[in-house]
$ cat start-v6.cif   # mmCIF, C-alpha atoms and all ligand atoms
data_start
loop_
_atom_site.label_atom_id
_atom_site.label_comp_id
_atom_site.auth_asym_id
_atom_site.auth_seq_id
_atom_site.Cartn_x
_atom_site.Cartn_y
_atom_site.Cartn_z
CA MET A 1 -14.33 1.65 15.84
CA THR A 2 -14.31 5.41 15.38
CA LYS A 3 -12.34 7.26 18.05
CA LEU A 4 -14.64 10.19 18.79
CA ASN A 5 -11.91 12.75 19.28
CA ALA A 6 -9.85 11.90 16.17
CA PRO A 7 -10.01 14.75 13.62
CA LEU A 8 -11.77 12.74 10.90
CA THR A 9 -13.47 14.26 7.86
CA PHE A 10 -15.49 11.85 5.73
CA SER A 11 -16.19 12.60 2.09
CA PRO A 12 -19.93 12.66 1.34
CA GLU A 13 -19.68 9.34 -0.49
CA VAL A 14 -17.84 7.57 2.32
CA ALA A 15 -20.18 9.02 4.95
CA GLU A 16 -23.13 7.62 3.02
CA ALA A 17 -21.47 4.21 2.63
CA ARG A 18 -20.77 4.08 6.37
CA ALA A 19 -24.37 4.93 7.20
CA ALA A 20 -25.62 2.23 4.83
CA GLY A 21 -23.12 -0.41 6.01
CA ARG A 22 -21.67 -0.83 2.53
CA PRO A 23 -18.22 -2.33 1.95
CA ILE A 24 -15.41 0.26 1.92
CA VAL A 25 -11.81 -0.10 0.68
CA ALA A 26 -9.12 2.26 1.99
CA LEU A 27 -6.48 3.59 -0.44
CA GLU A 28 -3.20 5.35 0.44
CA SER A 29 -1.88 8.70 -0.76
CA THR A 30 1.92 8.36 -0.60
CA ILE A 31 1.71 6.28 -3.77
CA ILE A 32 0.17 9.43 -5.34
CA THR A 33 2.65 12.01 -4.01
CA HIS A 34 5.86 9.97 -3.78
CA GLY A 35 5.24 6.78 -5.76
CA MET A 36 4.23 7.97 -9.24
CA PRO A 37 4.85 11.08 -11.36
CA PHE A 38 2.14 13.63 -12.23
CA PRO A 39 -0.22 13.29 -14.14
CA GLN A 40 -0.19 9.47 -14.10
CA ASN A 41 -0.47 9.55 -10.30
CA VAL A 42 -3.84 11.33 -10.32
CA GLN A 43 -5.12 9.37 -13.32
CA THR A 44 -4.19 6.11 -11.59
CA ALA A 45 -5.78 7.18 -8.30
CA ARG A 46 -9.04 7.83 -10.19
CA ARG A 47 -8.86 4.53 -12.08
CA VAL A 48 -8.28 2.65 -8.84
CA GLU A 49 -11.31 4.34 -7.27
CA ASP A 50 -13.40 3.42 -10.33
CA GLU A 51 -12.22 -0.18 -10.11
CA VAL A 52 -13.37 -0.37 -6.48
CA HIS A 53 -16.77 1.05 -7.49
CA ARG A 54 -17.10 -1.47 -10.31
CA HIS A 55 -16.45 -4.28 -7.86
CA GLY A 56 -19.21 -3.30 -5.48
CA ALA A 57 -17.36 -1.31 -2.83
CA VAL A 58 -16.77 2.35 -2.01
CA PRO A 59 -13.18 3.71 -2.22
CA ALA A 60 -11.78 5.85 0.58
CA THR A 61 -8.51 7.53 -0.43
CA ILE A 62 -6.89 8.77 2.77
CA ALA A 63 -4.71 11.88 3.23
CA ILE A 64 -4.07 14.62 5.79
CA LEU A 65 -5.31 18.03 4.65
CA SER A 66 -4.95 21.14 6.85
CA GLY A 67 -4.86 19.22 10.10
CA ARG A 68 -7.73 16.81 9.37
CA ILE A 69 -7.68 13.11 8.45
CA HIS A 70 -9.64 12.92 5.22
CA ILE A 71 -11.34 9.58 4.65
CA GLY A 72 -12.26 9.85 0.98
CA LEU A 73 -11.03 12.76 -1.15
CA THR A 74 -13.15 14.88 -3.44
CA SER A 75 -12.04 15.22 -7.04
CA THR A 76 -10.67 18.71 -6.35
CA GLU A 77 -8.73 17.53 -3.29
CA LEU A 78 -7.22 14.63 -5.24
CA ASP A 79 -6.12 16.93 -8.07
CA ALA A 80 -4.52 19.40 -5.65
CA LEU A 81 -2.66 16.70 -3.72
CA GLY A 82 -1.39 15.06 -6.91
CA GLN A 83 0.17 18.30 -8.15
CA ALA A 84 1.40 19.80 -4.89
CA ARG A 85 5.16 19.96 -4.37
CA GLY A 86 7.01 19.07 -1.19
CA VAL A 87 4.10 17.21 0.40
CA ALA A 88 5.10 15.50 3.66
CA LYS A 89 5.29 11.71 3.68
CA LEU A 90 3.61 10.70 6.91
CA SER A 91 4.03 7.46 8.77
CA ARG A 92 3.21 6.43 12.38
CA ALA A 93 6.01 8.62 13.78
CA ASP A 94 4.89 11.92 12.26
CA LEU A 95 1.12 11.59 11.81
CA ALA A 96 0.04 13.15 15.11
CA ALA A 97 2.60 15.97 14.91
CA CYS A 98 1.40 16.92 11.42
CA LEU A 99 -2.24 16.94 12.55
CA ALA A 100 -1.45 18.94 15.70
CA MET A 101 0.23 21.63 13.61
CA GLY A 102 -2.58 21.81 11.07
CA GLY A 103 -0.36 20.39 8.34
CA THR A 104 -0.95 18.53 5.09
CA GLY A 105 0.62 15.26 4.05
CA ALA A 106 0.32 11.94 2.29
CA THR A 107 -0.13 8.75 4.28
CA THR A 108 2.14 5.71 3.87
CA VAL A 109 0.84 2.19 4.30
CA ALA A 110 1.45 2.43 8.07
CA ALA A 111 -0.34 5.78 8.47
CA THR A 112 -3.18 4.74 6.15
CA MET A 113 -3.74 1.64 8.27
CA ILE A 114 -3.98 3.78 11.41
CA CYS A 115 -6.47 6.16 9.77
CA ALA A 116 -8.52 3.35 8.19
CA ASP A 117 -8.84 1.65 11.57
CA LEU A 118 -9.92 4.93 13.20
CA ALA A 119 -12.64 5.10 10.55
CA GLY A 120 -13.70 1.48 11.04
CA ILE A 121 -12.39 0.33 7.63
CA ALA A 122 -10.96 -3.21 7.62
CA VAL A 123 -9.54 -3.58 4.10
CA PHE A 124 -6.91 -1.51 2.29
CA ALA A 125 -5.48 -1.85 -1.23
CA THR A 126 -2.09 -0.53 -2.34
CA GLY A 127 0.80 -1.37 -4.70
CA GLY A 128 3.72 -2.51 -2.61
CA ILE A 129 4.49 -2.24 1.09
CA GLY A 130 7.67 -0.95 2.64
CA GLY A 131 9.95 -3.62 4.10
CA VAL A 132 13.42 -4.43 5.33
CA HIS A 133 15.91 -2.61 3.13
CA ARG A 134 18.98 -4.31 1.74
CA GLY A 135 21.88 -3.56 4.07
CA ALA A 136 19.52 -3.19 7.04
CA GLU A 137 22.07 -5.02 9.18
CA THR A 138 24.11 -1.80 9.15
CA SER A 139 21.54 0.92 8.23
CA PHE A 140 18.71 -0.41 10.49
CA ASP A 141 16.32 0.75 7.73
CA ILE A 142 13.12 -1.21 8.29
CA SER A 143 9.85 0.35 7.14
CA ALA A 144 7.33 1.29 9.81
CA ASP A 145 4.81 -0.55 7.60
CA LEU A 146 5.98 -3.87 9.07
CA PRO A 147 5.40 -3.24 12.80
CA GLU A 148 2.12 -1.51 11.84
CA LEU A 149 0.86 -4.75 10.32
CA ALA A 150 1.59 -6.35 13.70
CA GLN A 151 -0.57 -3.94 15.67
CA THR A 152 -3.38 -2.46 13.57
CA PRO A 153 -6.25 -4.72 12.48
CA VAL A 154 -6.42 -3.96 8.76
CA THR A 155 -6.04 -6.47 5.93
CA VAL A 156 -3.63 -4.94 3.39
CA VAL A 157 -3.68 -6.15 -0.22
CA ALA A 158 -0.35 -5.52 -1.99
CA ALA A 159 1.58 -7.15 -4.84
CA GLY A 160 4.20 -8.32 -2.37
CA ALA A 161 7.26 -6.13 -1.93
CA LYS A 162 9.74 -4.73 -4.42
CA ALA A 163 13.07 -6.39 -5.01
CA ILE A 164 14.67 -3.04 -4.03
CA LEU A 165 14.13 -4.55 -0.55
CA ASP A 166 15.61 -7.59 1.14
CA LEU A 167 12.64 -9.94 0.66
CA PRO A 168 13.87 -12.86 2.82
CA LYS A 169 14.52 -10.49 5.74
CA THR A 170 11.12 -8.83 5.17
CA LEU A 171 9.38 -12.21 5.48
CA GLU A 172 11.44 -13.12 8.56
CA TYR A 173 10.52 -9.82 10.23
CA LEU A 174 6.82 -10.34 9.52
CA GLU A 175 6.95 -13.86 10.92
CA THR A 176 8.71 -12.67 14.08
CA CYS A 177 6.06 -10.06 14.78
CA GLY A 178 3.18 -12.40 14.03
CA VAL A 179 1.85 -11.01 10.75
CA PRO A 180 0.06 -13.53 8.50
CA VAL A 181 1.50 -13.28 4.98
CA ILE A 182 -0.99 -14.81 2.57
CA ALA A 183 -0.13 -15.37 -1.08
CA PHE A 184 -3.26 -15.24 -3.20
CA GLY A 185 -3.75 -18.10 -5.66
CA GLN A 186 -0.14 -19.31 -5.70
CA ASP A 187 2.47 -20.73 -3.32
CA GLU A 188 5.20 -18.15 -3.88
CA PHE A 189 5.50 -14.70 -2.39
CA PRO A 190 5.21 -12.27 -5.36
CA ALA A 191 7.84 -9.57 -5.95
CA PHE A 192 5.76 -6.61 -7.17
CA TRP A 193 6.64 -6.39 -10.92
CA SER A 194 7.31 -10.13 -11.01
CA ARG A 195 4.88 -12.87 -9.99
CA ASN A 196 7.62 -14.88 -8.37
CA SER A 197 10.39 -14.16 -5.88
CA GLY A 198 11.81 -17.64 -5.39
CA LEU A 199 10.46 -17.51 -1.83
CA LYS A 200 7.55 -19.58 -0.59
CA ALA A 201 4.87 -17.54 1.12
CA PRO A 202 4.03 -18.69 4.66
CA LEU A 203 0.32 -19.01 3.80
CA ARG A 204 -1.77 -19.42 0.67
CA MET A 205 -5.46 -18.72 0.09
CA ASP A 206 -7.51 -18.96 -3.08
CA SER A 207 -10.63 -16.96 -2.29
CA ALA A 208 -11.61 -13.60 -0.86
CA ALA A 209 -13.97 -15.40 1.54
CA GLN A 210 -11.08 -17.33 3.12
CA ILE A 211 -9.08 -14.12 3.61
CA ALA A 212 -12.08 -12.39 5.19
CA ALA A 213 -12.70 -15.38 7.48
CA ALA A 214 -9.07 -15.29 8.66
CA HIS A 215 -9.37 -11.53 9.31
CA LEU A 216 -12.50 -12.06 11.41
CA MET A 217 -10.92 -15.01 13.27
CA ARG A 218 -7.99 -12.86 14.39
CA ALA A 219 -10.48 -10.45 15.91
CA SER A 220 -12.34 -13.32 17.60
CA LEU A 221 -9.07 -14.47 19.15
CA GLY A 222 -8.25 -10.95 20.32
CA LEU A 223 -5.02 -10.94 18.32
CA PRO A 224 -3.82 -7.44 17.48
CA GLY A 225 -2.64 -6.59 13.99
CA GLY A 226 -3.76 -7.22 10.45
CA GLN A 227 -2.83 -9.42 7.54
CA LEU A 228 -0.69 -8.96 4.46
CA VAL A 229 -2.30 -10.35 1.32
CA ALA A 230 0.32 -10.74 -1.41
CA ASN A 231 -1.54 -10.67 -4.71
CA PRO A 232 0.62 -11.46 -7.77
CA ILE A 233 0.65 -8.99 -10.67
CA PRO A 234 -1.49 -10.24 -13.62
CA LEU A 235 0.60 -12.40 -15.97
CA ALA A 236 0.16 -10.10 -18.98
CA ALA A 237 1.55 -7.11 -17.05
CA GLU A 238 4.52 -8.85 -15.44
CA ILE A 239 8.13 -7.61 -15.89
CA PRO A 240 10.43 -10.64 -15.46
CA ALA A 241 12.98 -10.37 -12.64
CA ASP A 242 15.99 -10.63 -14.98
CA LYS A 243 14.79 -7.55 -16.87
CA ILE A 244 14.20 -5.33 -13.86
CA ASN A 245 17.05 -6.53 -11.62
CA PRO A 246 19.93 -4.69 -13.39
CA HIS A 247 17.98 -1.43 -13.01
CA ILE A 248 17.34 -2.15 -9.34
CA GLU A 249 21.07 -2.75 -8.79
CA GLN A 250 21.91 0.54 -10.49
CA ALA A 251 19.31 2.53 -8.51
CA LEU A 252 20.61 1.03 -5.26
CA ARG A 253 24.23 1.92 -6.13
CA GLU A 254 23.18 5.49 -6.91
CA ALA A 255 21.21 5.84 -3.67
CA SER A 256 24.19 4.65 -1.68
CA ALA A 257 26.65 6.91 -3.54
CA ALA A 258 24.39 9.92 -3.00
CA GLY A 259 23.99 9.17 0.72
CA ILE A 260 20.19 8.93 0.50
CA CYS A 261 18.77 7.84 3.84
CA ALA A 262 15.67 7.51 6.04
CA LYS A 263 12.32 8.33 4.43
CA SER A 264 13.91 9.56 1.18
CA VAL A 265 15.20 6.09 0.25
CA THR A 266 11.99 4.55 -1.10
CA PRO A 267 10.85 7.61 -3.15
CA PHE A 268 14.38 7.98 -4.58
CA LEU A 269 14.49 4.33 -5.71
CA LEU A 270 10.95 4.40 -7.15
CA ASN A 271 11.72 7.52 -9.17
CA ARG A 272 15.04 6.18 -10.49
CA LEU A 273 13.41 2.92 -11.55
CA TYR A 274 10.77 4.85 -13.45
CA GLU A 275 13.53 6.75 -15.28
CA LEU A 276 15.80 3.74 -15.86
CA THR A 277 12.95 1.61 -17.30
CA LYS A 278 11.76 4.59 -19.39
CA GLY A 279 8.35 4.39 -17.77
CA ALA A 280 7.80 0.65 -18.21
CA SER A 281 7.84 0.09 -14.44
CA LEU A 282 4.93 2.49 -14.11
CA VAL A 283 2.72 0.64 -16.59
CA ALA A 284 3.14 -2.56 -14.57
CA ASN A 285 2.67 -0.67 -11.32
CA ILE A 286 -0.70 0.68 -12.47
CA GLU A 287 -1.96 -2.76 -13.50
CA LEU A 288 -1.04 -4.37 -10.21
CA VAL A 289 -2.71 -1.65 -8.15
CA LEU A 290 -5.93 -2.12 -10.16
CA ASN A 291 -5.67 -5.87 -9.57
CA ASN A 292 -5.24 -5.28 -5.82
CA ALA A 293 -8.25 -2.96 -5.78
CA ARG A 294 -10.39 -5.76 -7.26
CA LEU A 295 -9.31 -8.33 -4.69
CA ALA A 296 -9.67 -5.86 -1.80
CA SER A 297 -13.22 -5.05 -2.92
CA ALA A 298 -14.10 -8.75 -2.90
CA ILE A 299 -12.61 -9.19 0.59
CA ALA A 300 -14.41 -6.11 1.92
CA ALA A 301 -17.72 -7.52 0.67
CA GLU A 302 -17.18 -10.58 2.91
CA ILE A 303 -16.59 -8.58 6.11
CA PRO A 304 -19.84 -7.41 7.67
CA ARG A 305 -20.01 -3.69 8.46
CA PRO A 306 -22.15 -2.28 11.20
CA ALA A 307 -24.93 -0.18 9.56
N1 LIG A 401 6.65 0.68 -2.13
C1 LIG A 401 6.15 0.79 -3.38
N2 LIG A 401 5.42 1.88 -3.71
C2 LIG A 401 5.17 2.88 -2.80
C3 LIG A 401 5.67 2.74 -1.48
C4 LIG A 401 6.40 1.63 -1.19
O1 LIG A 401 6.37 -0.10 -4.18
O2 LIG A 401 4.52 3.88 -3.15
C5 LIG A 401 5.35 3.79 -0.45
C6 LIG A 401 4.19 3.32 0.43
O3 LIG A 401 3.43 4.44 0.82
C7 LIG A 401 4.89 2.73 1.64
C8 LIG A 401 6.08 3.66 1.76
O4 LIG A 401 4.12 2.70 2.82
O5 LIG A 401 6.47 3.93 0.43
C9 LIG A 401 7.20 3.03 2.54
O6 LIG A 401 8.20 3.97 2.77
P1 LIG A 401 9.43 3.61 3.74
O7 LIG A 401 10.19 2.55 3.00
O8 LIG A 401 10.18 4.90 3.88
O9 LIG A 401 8.83 3.11 5.02
MN MN A 402 12.95 3.56 5.93
#

$ encode --input "start-v6.cif" --output "structure tokens"
Amino acid sequence: MTKLNAPLTFSPEVAEARAAGRPIVALESTIITHGMPFPQNVQTARRVEDEVHRHGAVPATIAILSGRIHIGLTSTELDALGQARGVAKLSRADLAACLAMGGTGATTVAATMICADLAGIAVFATGGIGGVHRGAETSFDISADLPELAQTPVTVVAAGAKAILDLPKTLEYLETCGVPVIAFGQDEFPAFWSRNSGLKAPLRMDSAAQIAAAHLMRASLGLPGGQLVANPIPLAAEIPADKINPHIEQALREASAAGICAKSVTPFLLNRLYELTKGASLVANIELVLNNARLASAIAAEIPRPA
């Protein structure tokens, strides 16, 4: 529950929802600042919030503004963040330092999970999570999102992970650190733009109630960590793997040739894929985030909140 000394600022809407014990869905901000171009980033953030509203929950977009953890952004704050240049991308390693120095930044999946948990929010919707990068055996590039899922009790709804990553290694890592990976409504682990990855997901569930029950059972057992719900992109919005894969290969070659490393890797690849697909990747990306917002709202409704 809420850590009393954490510098949390609740938007009026989220504060009201907390007081009334209504379901709340956390949303991240790195997807806004580093995952999509302006103005589609802000438009999408608004559409995702609307989708959560329409499905009976209250959205809480999370970001760090002037040294405070904002749980829910006002319209003005969202606009400013979406257009700002050079915004920091904050994960577990740099969250506290940014807050201590009064800074501003966008939260990744890992940092959003930390902030959601501080605010007592159990369910979080995003697009794709970070994972084990291809070539990790030499680069050691493994997203901090993975160990976060092993220690912070938030259920994260994503469309799987992008094929820019090494998906088999990502699943192995999650298994090693005890993270339940639940495919929703199918047996296979989805690969973001594509419904299928060729890899079987460790777990499958077909209803929001089952996912919520598993979340609550982990708490009853005293197990730390959350769950990854891998929700396949809607069929009509899917980009088949053979269409997107050549672009992924090209973006990866360019990243390697340019010596891109550490936290710049994922934003570089996302931006190049947007350019190489002439924006088609973004259309699919928007649809899958909306789809994840719907499922997250349904899960949140099944997890009782203290009023
Ligand atoms: N993958 C996507 N879209 C995204 C991200 C990842 O398909 O926007 C963002 C998320 O915020 C995620 C972060 O938490 O990138 C992971 O970055 P890294 O790989 O540097 O850990
Ligand atoms: Mn990394």

$ closest_residue --input "start-v6.cif" --among "A:Leu90, A:Ile248, A:Leu235, A:Leu282" --to "ligand MN 402 (chain A)" --atoms "all atoms listed in the file"
A:Leu90

$ residues_near_ligand --input "start-v6.cif" --ligand "ligand LIG 401 (chain A)" --cutoff "9 Å" --atoms "all atoms listed in the file" --output "PDB file with C-alpha atoms, keeping the file's coordinate frame"
ATOM      1  CA  GLU A  28      -3.200   5.350   0.440  1.00  0.00           C
ATOM      2  CA  SER A  29      -1.880   8.700  -0.760  1.00  0.00           C
ATOM      3  CA  THR A  30       1.920   8.360  -0.600  1.00  0.00           C
ATOM      4  CA  ILE A  31       1.710   6.280  -3.770  1.00  0.00           C
ATOM      5  CA  ILE A  32       0.170   9.430  -5.340  1.00  0.00           C
ATOM      6  CA  THR A  33       2.650  12.010  -4.010  1.00  0.00           C
ATOM      7  CA  HIS A  34       5.860   9.970  -3.780  1.00  0.00           C
ATOM      8  CA  GLY A  35       5.240   6.780  -5.760  1.00  0.00           C
ATOM      9  CA  MET A  36       4.230   7.970  -9.240  1.00  0.00           C
ATOM     10  CA  LYS A  89       5.290  11.710   3.680  1.00  0.00           C
ATOM     11  CA  LEU A  90       3.610  10.700   6.910  1.00  0.00           C
ATOM     12  CA  SER A  91       4.030   7.460   8.770  1.00  0.00           C
ATOM     13  CA  ALA A 106       0.320  11.940   2.290  1.00  0.00           C
ATOM     14  CA  THR A 107      -0.130   8.750   4.280  1.00  0.00           C
ATOM     15  CA  THR A 108       2.140   5.710   3.870  1.00  0.00           C
ATOM     16  CA  VAL A 109       0.840   2.190   4.300  1.00  0.00           C
ATOM     17  CA  ALA A 110       1.450   2.430   8.070  1.00  0.00           C
ATOM     18  CA  ALA A 111      -0.340   5.780   8.470  1.00  0.00           C
ATOM     19  CA  THR A 112      -3.180   4.740   6.150  1.00  0.00           C
ATOM     20  CA  THR A 126      -2.090  -0.530  -2.340  1.00  0.00           C
ATOM     21  CA  GLY A 127       0.800  -1.370  -4.700  1.00  0.00           C
ATOM     22  CA  GLY A 128       3.720  -2.510  -2.610  1.00  0.00           C
ATOM     23  CA  ILE A 129       4.490  -2.240   1.090  1.00  0.00           C
ATOM     24  CA  GLY A 130       7.670  -0.950   2.640  1.00  0.00           C
ATOM     25  CA  GLY A 131       9.950  -3.620   4.100  1.00  0.00           C
ATOM     26  CA  VAL A 132      13.420  -4.430   5.330  1.00  0.00           C
ATOM     27  CA  HIS A 133      15.910  -2.610   3.130  1.00  0.00           C
ATOM     28  CA  ASP A 141      16.320   0.750   7.730  1.00  0.00           C
ATOM     29  CA  ILE A 142      13.120  -1.210   8.290  1.00  0.00           C
ATOM     30  CA  SER A 143       9.850   0.350   7.140  1.00  0.00           C
ATOM     31  CA  ALA A 144       7.330   1.290   9.810  1.00  0.00           C
ATOM     32  CA  ASP A 145       4.810  -0.550   7.600  1.00  0.00           C
ATOM     33  CA  LEU A 146       5.980  -3.870   9.070  1.00  0.00           C
ATOM     34  CA  ALA A 158      -0.350  -5.520  -1.990  1.00  0.00           C
ATOM     35  CA  ALA A 159       1.580  -7.150  -4.840  1.00  0.00           C
ATOM     36  CA  GLY A 160       4.200  -8.320  -2.370  1.00  0.00           C
ATOM     37  CA  ALA A 161       7.260  -6.130  -1.930  1.00  0.00           C
ATOM     38  CA  LYS A 162       9.740  -4.730  -4.420  1.00  0.00           C
ATOM     39  CA  ILE A 164      14.670  -3.040  -4.030  1.00  0.00           C
ATOM     40  CA  LEU A 165      14.130  -4.550  -0.550  1.00  0.00           C
ATOM     41  CA  PHE A 192       5.760  -6.610  -7.170  1.00  0.00           C
ATOM     42  CA  ALA A 262      15.670   7.510   6.040  1.00  0.00           C
ATOM     43  CA  LYS A 263      12.320   8.330   4.430  1.00  0.00           C
ATOM     44  CA  SER A 264      13.910   9.560   1.180  1.00  0.00           C
ATOM     45  CA  VAL A 265      15.200   6.090   0.250  1.00  0.00           C
ATOM     46  CA  THR A 266      11.990   4.550  -1.100  1.00  0.00           C
ATOM     47  CA  PRO A 267      10.850   7.610  -3.150  1.00  0.00           C
ATOM     48  CA  LEU A 270      10.950   4.400  -7.150  1.00  0.00           C
ATOM     49  CA  ASN A 285       2.670  -0.670 -11.320  1.00  0.00           C
TER      50      ASN A 285
END

$ residues_around --input "start-v6.cif" --residues "A:Gly178" --least-positions-apart "3" --cutoff "9 Å" --atoms "only C-alpha atoms" --output "MDAnalysis selection string"
chainID A and resid 149:150 173:175 225

$ residues_near_point --input "start-v6.cif" --point "(10.0, -14.6, -2.9)" --cutoff "12 Å" --atoms "only C-alpha atoms" --output "PyMOL selection string"
chain A and resi 159-163+165-172+181+183+186-202+230+232+241

$ write_last_selection --input "start-v6.cif" --atoms "C-alpha atoms" --output "PDB file, in the frame of the given file"
ATOM      1  CA  ALA A 159       1.580  -7.150  -4.840  1.00  0.00           C
ATOM      2  CA  GLY A 160       4.200  -8.320  -2.370  1.00  0.00           C
ATOM      3  CA  ALA A 161       7.260  -6.130  -1.930  1.00  0.00           C
ATOM      4  CA  LYS A 162       9.740  -4.730  -4.420  1.00  0.00           C
ATOM      5  CA  ALA A 163      13.070  -6.390  -5.010  1.00  0.00           C
ATOM      6  CA  LEU A 165      14.130  -4.550  -0.550  1.00  0.00           C
ATOM      7  CA  ASP A 166      15.610  -7.590   1.140  1.00  0.00           C
ATOM      8  CA  LEU A 167      12.640  -9.940   0.660  1.00  0.00           C
ATOM      9  CA  PRO A 168      13.870 -12.860   2.820  1.00  0.00           C
ATOM     10  CA  LYS A 169      14.520 -10.490   5.740  1.00  0.00           C
ATOM     11  CA  THR A 170      11.120  -8.830   5.170  1.00  0.00           C
ATOM     12  CA  LEU A 171       9.380 -12.210   5.480  1.00  0.00           C
ATOM     13  CA  GLU A 172      11.440 -13.120   8.560  1.00  0.00           C
ATOM     14  CA  VAL A 181       1.500 -13.280   4.980  1.00  0.00           C
ATOM     15  CA  ALA A 183      -0.130 -15.370  -1.080  1.00  0.00           C
ATOM     16  CA  GLN A 186      -0.140 -19.310  -5.700  1.00  0.00           C
ATOM     17  CA  ASP A 187       2.470 -20.730  -3.320  1.00  0.00           C
ATOM     18  CA  GLU A 188       5.200 -18.150  -3.880  1.00  0.00           C
ATOM     19  CA  PHE A 189       5.500 -14.700  -2.390  1.00  0.00           C
ATOM     20  CA  PRO A 190       5.210 -12.270  -5.360  1.00  0.00           C
ATOM     21  CA  ALA A 191       7.840  -9.570  -5.950  1.00  0.00           C
ATOM     22  CA  PHE A 192       5.760  -6.610  -7.170  1.00  0.00           C
ATOM     23  CA  TRP A 193       6.640  -6.390 -10.920  1.00  0.00           C
ATOM     24  CA  SER A 194       7.310 -10.130 -11.010  1.00  0.00           C
ATOM     25  CA  ARG A 195       4.880 -12.870  -9.990  1.00  0.00           C
ATOM     26  CA  ASN A 196       7.620 -14.880  -8.370  1.00  0.00           C
ATOM     27  CA  SER A 197      10.390 -14.160  -5.880  1.00  0.00           C
ATOM     28  CA  GLY A 198      11.810 -17.640  -5.390  1.00  0.00           C
ATOM     29  CA  LEU A 199      10.460 -17.510  -1.830  1.00  0.00           C
ATOM     30  CA  LYS A 200       7.550 -19.580  -0.590  1.00  0.00           C
ATOM     31  CA  ALA A 201       4.870 -17.540   1.120  1.00  0.00           C
ATOM     32  CA  PRO A 202       4.030 -18.690   4.660  1.00  0.00           C
ATOM     33  CA  ALA A 230       0.320 -10.740  -1.410  1.00  0.00           C
ATOM     34  CA  PRO A 232       0.620 -11.460  -7.770  1.00  0.00           C
ATOM     35  CA  ALA A 241      12.980 -10.370 -12.640  1.00  0.00           C
TER      36      ALA A 241
END

$ residues_near_point --input "start-v6.cif" --point "(-12.1, 2.4, 9.3)" --cutoff "9 Å" --atoms "only C-alpha atoms" --output "tab-separated table (two decimals) with C-alpha atoms, keeping the file's coordinate frame"
chain	number	residue	atom	x	y	z
A	1	MET	CA	-14.33	1.65	15.84
A	2	THR	CA	-14.31	5.41	15.38
A	24	ILE	CA	-15.41	0.26	1.92
A	25	VAL	CA	-11.81	-0.10	0.68
A	26	ALA	CA	-9.12	2.26	1.99
A	71	ILE	CA	-11.34	9.58	4.65
A	113	MET	CA	-3.74	1.64	8.27
A	114	ILE	CA	-3.98	3.78	11.41
A	115	CYS	CA	-6.47	6.16	9.77
A	116	ALA	CA	-8.52	3.35	8.19
A	117	ASP	CA	-8.84	1.65	11.57
A	118	LEU	CA	-9.92	4.93	13.20
A	119	ALA	CA	-12.64	5.10	10.55
A	120	GLY	CA	-13.70	1.48	11.04
A	121	ILE	CA	-12.39	0.33	7.63
A	122	ALA	CA	-10.96	-3.21	7.62
A	123	VAL	CA	-9.54	-3.58	4.10
A	154	VAL	CA	-6.42	-3.96	8.76

$ atom_distance --input "start-v6.cif" --atom1 "atom CA of A:Asn231" --atom2 "atom CA of A:Leu73"
25.5 Å

$ closest_residue --input "start-v6.cif" --among "A:Ala15, A:Ala208, A:Ile233, A:Ile299" --to "A:Gly72" --atoms "only C-alpha atoms"
A:Ala15

$ atom_distance --input "start-v6.cif" --atom1 "atom CA of A:Val58" --atom2 "atom CA of A:Val87"
25.7 Å

$ atom_distance --input "start-v6.cif" --atom1 "atom CA of A:Gln210" --atom2 "atom CA of A:Ile239"
28.7 Å

$ closest_residue --input "start-v6.cif" --among "A:Phe184, A:Tyr274, A:Phe268, A:Phe10" --to "A:His247" --atoms "all atoms listed in the file"
A:Tyr274

$ axis_aligned_box --input "start-v6.cif" --around "stretch 74-83 of chain A" --padding-each-side "6 Å" --output "JSON"
{"center_x": -6.5, "center_y": 17.0, "center_z": -5.7, "size_x": 25.3, "size_y": 16.8, "size_z": 16.9}

$ closest_residue --input "start-v6.cif" --among "A:Ala125, A:Ala136, A:Ala258, A:Met217" --to "A:Ile62" --atoms "all atoms listed in the file"
A:Ala125

$ closest_residue --input "start-v6.cif" --among "A:Pro59, A:Gly226, A:Gly185, A:Pro39" --to "A:Ser207" --atoms "all atoms listed in the file"
A:Gly185

$ closest_residue --input "start-v6.cif" --among "A:Pro147, A:Gly135, A:Gly259, A:Pro304" --to "A:Ala209" --atoms "all atoms listed in the file"
A:Pro304
